[in-house]
>>> print(open('query.pdb').read())   # PDB, C-alpha atoms, pLDDT in the B column
MODEL        1
ATOM      1  CA  MET T   1       0.000   0.000   0.000  1.00 69.00           C
ATOM      2  CA  ALA T   2       1.459   3.337  -1.060  1.00 76.00           C
ATOM      3  CA  ARG T   3       2.303   5.929   1.530  1.00 85.00           C
ATOM      4  CA  ILE T   4       0.137   9.069   1.660  1.00 87.00           C
ATOM      5  CA  PRO T   5       2.356  11.940   0.484  1.00 90.00           C
ATOM      6  CA  ASP T   6       3.205  14.606   3.059  1.00 91.00           C
ATOM      7  CA  SER T   7       1.788  17.218   0.693  1.00 91.00           C
ATOM      8  CA  GLU T   8      -1.644  15.510   0.846  1.00 91.00           C
ATOM      9  CA  ILE T   9      -1.500  15.304   4.635  1.00 93.00           C
ATOM     10  CA  ASP T  10      -0.574  18.985   4.868  1.00 93.00           C
ATOM     11  CA  ARG T  11      -3.371  19.864   2.438  1.00 93.00           C
ATOM     12  CA  LEU T  12      -5.941  17.988   4.537  1.00 93.00           C
ATOM     13  CA  LYS T  13      -4.795  19.713   7.716  1.00 93.00           C
ATOM     14  CA  ARG T  14      -4.948  23.080   5.975  1.00 92.00           C
ATOM     15  CA  GLU T  15      -8.071  22.786   3.810  1.00 92.00           C
ATOM     16  CA  VAL T  16     -10.496  20.624   5.780  1.00 93.00           C
ATOM     17  CA  SER T  17     -12.255  22.924   8.219  1.00 93.00           C
ATOM     18  CA  LEU T  18     -12.245  21.374  11.681  1.00 94.00           C
ATOM     19  CA  ARG T  19     -15.113  23.631  12.707  1.00 94.00           C
ATOM     20  CA  ARG T  20     -17.256  22.518   9.753  1.00 93.00           C
ATOM     21  CA  LEU T  21     -16.376  18.870  10.404  1.00 93.00           C
ATOM     22  CA  LEU T  22     -17.522  19.086  14.036  1.00 94.00           C
ATOM     23  CA  GLU T  23     -20.713  20.871  13.039  1.00 93.00           C
ATOM     24  CA  SER T  24     -21.417  18.200  10.392  1.00 91.00           C
ATOM     25  CA  GLN T  25     -21.075  15.576  13.152  1.00 91.00           C
ATOM     26  CA  GLY T  26     -23.731  17.348  15.233  1.00 92.00           C
ATOM     27  CA  HIS T  27     -21.499  19.120  17.752  1.00 92.00           C
ATOM     28  CA  ARG T  28     -22.860  22.481  18.889  1.00 93.00           C
ATOM     29  CA  LEU T  29     -20.061  25.030  18.781  1.00 94.00           C
ATOM     30  CA  VAL T  30     -20.251  28.302  20.701  1.00 94.00           C
ATOM     31  CA  LYS T  31     -18.055  31.331  20.106  1.00 95.00           C
ATOM     32  CA  GLN T  32     -15.439  31.986  22.811  1.00 93.00           C
ATOM     33  CA  GLY T  33     -13.370  35.014  21.859  1.00 93.00           C
ATOM     34  CA  LYS T  34     -11.575  34.207  18.619  1.00 94.00           C
ATOM     35  CA  ASP T  35     -12.106  30.452  19.124  1.00 96.00           C
ATOM     36  CA  TRP T  36     -15.068  28.068  19.172  1.00 96.00           C
ATOM     37  CA  ALA T  37     -15.897  25.516  21.877  1.00 94.00           C
ATOM     38  CA  CYS T  38     -18.065  22.436  22.301  1.00 93.00           C
ATOM     39  CA  ARG T  39     -18.624  19.724  24.861  1.00 92.00           C
ATOM     40  CA  CYS T  40     -15.978  17.045  24.576  1.00 91.00           C
ATOM     41  CA  PRO T  41     -17.407  13.751  23.345  1.00 88.00           C
ATOM     42  CA  TRP T  42     -14.637  11.725  25.047  1.00 87.00           C
ATOM     43  CA  HIS T  43     -14.949  12.456  28.704  1.00 80.00           C
ATOM     44  CA  ALA T  44     -18.023  12.022  30.849  1.00 73.00           C
ATOM     45  CA  GLY T  45     -19.585  14.870  32.721  1.00 75.00           C
ATOM     46  CA  ASP T  46     -18.545  17.667  30.384  1.00 72.00           C
ATOM     47  CA  ASP T  47     -21.288  20.101  31.396  1.00 80.00           C
ATOM     48  CA  THR T  48     -19.573  23.139  29.907  1.00 85.00           C
ATOM     49  CA  PRO T  49     -17.771  23.413  26.564  1.00 89.00           C
ATOM     50  CA  SER T  50     -14.177  22.431  27.292  1.00 91.00           C
ATOM     51  CA  CYS T  51     -13.089  21.352  23.802  1.00 94.00           C
ATOM     52  CA  VAL T  52     -11.710  24.422  22.023  1.00 96.00           C
ATOM     53  CA  VAL T  53     -11.335  24.728  18.243  1.00 96.00           C
ATOM     54  CA  THR T  54      -8.902  27.386  17.068  1.00 95.00           C
ATOM     55  CA  VAL T  55      -9.946  28.285  13.525  1.00 94.00           C
ATOM     56  CA  ALA T  56      -6.748  30.208  12.736  1.00 94.00           C
ATOM     57  CA  SER T  57      -4.575  27.124  13.216  1.00 95.00           C
ATOM     58  CA  ASN T  58      -7.318  24.530  12.507  1.00 96.00           C
ATOM     59  CA  LEU T  59      -6.464  22.685  15.741  1.00 96.00           C
ATOM     60  CA  TRP T  60      -8.492  21.462  18.712  1.00 96.00           C
ATOM     61  CA  HIS T  61      -7.719  20.910  22.394  1.00 96.00           C
ATOM     62  CA  CYS T  62      -9.861  19.653  25.248  1.00 93.00           C
ATOM     63  CA  PHE T  63      -8.998  21.168  28.603  1.00 92.00           C
ATOM     64  CA  GLY T  64     -10.941  18.423  30.388  1.00 88.00           C
ATOM     65  CA  CYS T  65      -9.126  15.330  29.093  1.00 89.00           C
ATOM     66  CA  ASP T  66      -6.060  17.021  27.529  1.00 91.00           C
ATOM     67  CA  ALA T  67      -6.685  15.493  24.099  1.00 92.00           C
ATOM     68  CA  GLY T  68      -6.067  17.532  20.992  1.00 95.00           C
ATOM     69  CA  GLY T  69      -4.569  17.809  17.552  1.00 96.00           C
ATOM     70  CA  SER T  70      -5.465  18.342  13.926  1.00 96.00           C
ATOM     71  CA  VAL T  71      -8.506  17.393  11.892  1.00 96.00           C
ATOM     72  CA  ILE T  72      -6.858  14.018  11.235  1.00 95.00           C
ATOM     73  CA  ASP T  73      -6.447  13.391  14.973  1.00 96.00           C
ATOM     74  CA  TRP T  74     -10.132  14.221  15.503  1.00 96.00           C
ATOM     75  CA  VAL T  75     -11.242  11.688  12.876  1.00 95.00           C
ATOM     76  CA  MET T  76      -8.862   9.029  14.241  1.00 95.00           C
ATOM     77  CA  ARG T  77     -10.311   9.441  17.701  1.00 94.00           C
ATOM     78  CA  ALA T  78     -13.973   9.902  16.704  1.00 93.00           C
ATOM     79  CA  GLN T  79     -14.069   7.003  14.236  1.00 93.00           C
ATOM     80  CA  ARG T  80     -11.522   4.820  16.072  1.00 95.00           C
ATOM     81  CA  VAL T  81      -9.480   4.347  12.908  1.00 95.00           C
ATOM     82  CA  SER T  82      -5.812   4.443  11.930  1.00 94.00           C
ATOM     83  CA  PHE T  83      -4.007   7.510  10.645  1.00 95.00           C
ATOM     84  CA  ARG T  84      -4.199   6.222   7.067  1.00 94.00           C
ATOM     85  CA  HIS T  85      -7.902   5.409   7.290  1.00 94.00           C
ATOM     86  CA  ALA T  86      -8.637   8.847   8.797  1.00 94.00           C
ATOM     87  CA  CYS T  87      -6.804  10.496   5.878  1.00 94.00           C
ATOM     88  CA  GLU T  88      -8.751   8.391   3.380  1.00 92.00           C
ATOM     89  CA  LEU T  89     -12.058   9.326   5.021  1.00 92.00           C
ATOM     90  CA  LEU T  90     -11.132  13.004   4.916  1.00 92.00           C
ATOM     91  CA  LEU T  91     -10.003  12.788   1.304  1.00 88.00           C
ATOM     92  CA  LYS T  92     -13.344  11.209   0.401  1.00 86.00           C
ATOM     93  CA  ASP T  93     -15.404  13.822   2.273  1.00 75.00           C
ATOM     94  CA  ALA T  94     -13.096  16.824   1.797  1.00 63.00           C
ATOM     95  CA  PRO T  95     -15.434  18.910  -0.419  1.00 58.00           C
ATOM     96  CA  ALA T  96     -18.219  18.796   2.184  1.00 52.00           C
ATOM     97  CA  VAL T  97     -16.058  20.114   5.020  1.00 52.00           C
ATOM     98  CA  ALA T  98     -13.498  22.172   3.154  1.00 51.00           C
ATOM     99  CA  ALA T  99     -12.670  25.641   4.367  1.00 50.00           C
ATOM    100  CA  PRO T 100     -14.429  28.388   2.425  1.00 50.00           C
ATOM    101  CA  ALA T 101     -12.583  29.449  -0.706  1.00 46.00           C
ATOM    102  CA  PRO T 102     -10.831  32.788  -0.411  1.00 46.00           C
ATOM    103  CA  VAL T 103     -12.401  35.704  -2.226  1.00 44.00           C
ATOM    104  CA  PRO T 104     -10.383  36.488  -5.346  1.00 48.00           C
ATOM    105  CA  VAL T 105      -8.599  39.819  -5.328  1.00 48.00           C
ATOM    106  CA  VAL T 106      -8.942  41.908  -8.458  1.00 48.00           C
ATOM    107  CA  GLU T 107      -6.203  44.485  -8.869  1.00 50.00           C
ATOM    108  CA  GLY T 108      -7.583  48.017  -9.008  1.00 49.00           C
ATOM    109  CA  ALA T 109     -10.981  46.949  -7.649  1.00 46.00           C
ATOM    110  CA  VAL T 110     -12.790  47.155  -4.339  1.00 47.00           C
ATOM    111  CA  SER T 111     -15.225  44.510  -3.104  1.00 43.00           C
ATOM    112  CA  THR T 112     -18.479  45.831  -1.614  1.00 45.00           C
ATOM    113  CA  ARG T 113     -21.444  44.123  -0.028  1.00 46.00           C
ATOM    114  CA  THR T 114     -24.641  43.799  -2.034  1.00 45.00           C
ATOM    115  CA  ASN T 115     -28.072  44.885  -0.813  1.00 44.00           C
ATOM    116  CA  ALA T 116     -28.881  41.234  -0.068  1.00 44.00           C
ATOM    117  CA  GLN T 117     -25.939  41.056   2.323  1.00 45.00           C
ATOM    118  CA  ARG T 118     -26.793  44.353   4.039  1.00 44.00           C
ATOM    119  CA  THR T 119     -30.442  43.398   4.577  1.00 47.00           C
ATOM    120  CA  GLY T 120     -29.884  39.683   5.273  1.00 48.00           C
ATOM    121  CA  SER T 121     -30.406  37.545   2.208  1.00 43.00           C
ATOM    122  CA  LYS T 122     -33.178  34.943   2.260  1.00 44.00           C
ATOM    123  CA  GLU T 123     -30.678  32.530   0.728  1.00 42.00           C
ATOM    124  CA  ARG T 124     -28.503  32.033   3.776  1.00 40.00           C
ATOM    125  CA  GLY T 125     -25.009  30.736   3.234  1.00 40.00           C
ATOM    126  CA  GLN T 126     -24.651  32.337  -0.177  1.00 40.00           C
ATOM    127  CA  VAL T 127     -22.199  35.172  -0.515  1.00 41.00           C
ATOM    128  CA  HIS T 128     -22.600  37.752  -3.233  1.00 39.00           C
ATOM    129  CA  PHE T 129     -19.962  40.275  -4.196  1.00 39.00           C
ATOM    130  CA  ARG T 130     -19.990  43.209  -6.547  1.00 43.00           C
ATOM    131  CA  VAL T 131     -16.686  44.511  -7.880  1.00 45.00           C
ATOM    132  CA  VAL T 132     -16.396  48.246  -8.375  1.00 44.00           C
ATOM    133  CA  GLU T 133     -13.478  49.628 -10.351  1.00 47.00           C
ATOM    134  CA  THR T 134     -11.549  52.478  -8.799  1.00 45.00           C
ATOM    135  CA  ARG T 135      -9.272  54.851 -10.618  1.00 43.00           C
TER
ENDMDL
END
>>> encode(input="query.pdb", output="structure tokens")
Amino acid sequence: MARIPDSEIDRLKREVSLRRLLESQGHRLVKQGKDWACRCPWHAGDDTPSCVVTVASNLWHCFGCDAGGSVIDWVMRAQRVSFRHACELLLKDAPAVAAPAPVPVVEGAVSTRTNAQRTGSKERGQVHFRVVETR
């Protein structure tokens, strides 16, 4: 069986949103400063959110049981699978939990919000941009 290239592992850790993965698994995340937190699924009696997800680094850490790591570590622990199997699962499901694509930057242009964004679009989750040229 061929080894998973380091570049693929790095890409998974970078592009698969840990926050979106946890939400897709039914975990309720609450905002705590610049981070997000949920109840840890691995230790009993977690009455308050002690598992912290840091979006900037795409890492998690539970202050109750001292577990933590990357998105791959989460899948290994949650699914009780090997490192390789966790990577394969993430590769298969990557589009569903990928981090949002960055907004393209157009040189000499400024991005502004549309009326739908200012008033709260009925189509939640969709982002609309209008590019205005500046000179």
>>> residues_around(input="query.pdb", residues="Val52 of chain T", least_positions_apart="3", cutoff="6 Å", atoms="only C-alpha atoms", output="JSON list (two decimals) with C-alpha atoms, in the coordinates of the input")
[["chain", "number", "residue", "atom", "x", "y", "z"],
["T", 36, "TRP", "CA", -15.07, 28.07, 19.17],
["T", 37, "ALA", "CA", -15.90, 25.52, 21.88],
["T", 60, "TRP", "CA", -8.49, 21.46, 18.71],
["T", 61, "HIS", "CA", -7.72, 20.91, 22.39]]
>>> closest_residue(input="query.pdb", among="T:Val75, T:Val55, T:Leu21, T:Gly69", to="Glu88 of chain T", atoms="only C-alpha atoms")
T:Val75
>>> residues_around(input="query.pdb", residues="Glu8 of chain T", least_positions_apart="2", cutoff="12 Å", atoms="all atoms listed in the file", output="list in words")
Arg3, Ile4, Pro5, Asp6, Asp10, Arg11, Leu12, Lys13, Arg14, Glu15, Val16, Ile72, Arg84, Cys87, Glu88, Leu90, Leu91 and Ala94 of chain T
>>> write_last_selection(input="query.pdb", atoms="C-alpha atoms", output="compact mmCIF listing (two decimals), in the frame of the given file")
# COMPACT_ATOMS: atom_id res chain seq x y z
CA ARG T 3 2.30 5.93 1.53
CA ILE T 4 0.14 9.07 1.66
CA PRO T 5 2.36 11.94 0.48
CA ASP T 6 3.20 14.61 3.06
CA ASP T 10 -0.57 18.98 4.87
CA ARG T 11 -3.37 19.86 2.44
CA LEU T 12 -5.94 17.99 4.54
CA LYS T 13 -4.80 19.71 7.72
CA ARG T 14 -4.95 23.08 5.98
CA GLU T 15 -8.07 22.79 3.81
CA VAL T 16 -10.50 20.62 5.78
CA ILE T 72 -6.86 14.02 11.24
CA ARG T 84 -4.20 6.22 7.07
CA CYS T 87 -6.80 10.50 5.88
CA GLU T 88 -8.75 8.39 3.38
CA LEU T 90 -11.13 13.00 4.92
CA LEU T 91 -10.00 12.79 1.30
CA ALA T 94 -13.10 16.82 1.80
>>> atom_distance(input="query.pdb", atom1="atom CA of Ser24 of chain T", atom2="atom CA of Trp42 of chain T")
17.4 Å
>>> residues_around(input="query.pdb", residues="His43 of chain T", least_positions_apart="5", cutoff="10 Å", atoms="all atoms listed in the file", output="number ranges by chain")
T: 62, 64-65, 67
>>> atom_distance(input="query.pdb", atom1="atom CA of Gly26 of chain T", atom2="atom CA of Ala86 of chain T")
18.5 Å
>>> resolve_selection(input="query.pdb", expression="the PyMOL selection byres ((chain T and resi 58) around 8)", output="PyMOL selection string")
chain T and resi 13-14+17-19+53-57+59-60+70-71
>>> atom_distance(input="query.pdb", atom1="atom CA of Asp47 of chain T", atom2="atom CA of Gln32 of chain T")
15.8 Å
>>> axis_aligned_box(input="query.pdb", around="segment 73-85 of chain T", padding_each_side="8 Å", output="AutoDock Vina command-line options")
--center_x -9.0 --center_y 9.3 --center_z 12.4 --size_x 26.1 --size_y 25.9 --size_z 26.6
>>> residues_around(input="query.pdb", residues="Ala78 of chain T", least_positions_apart="4", cutoff="9 Å", atoms="all atoms listed in the file", output="PyMOL selection string")
chain T and resi 41-42+73-74
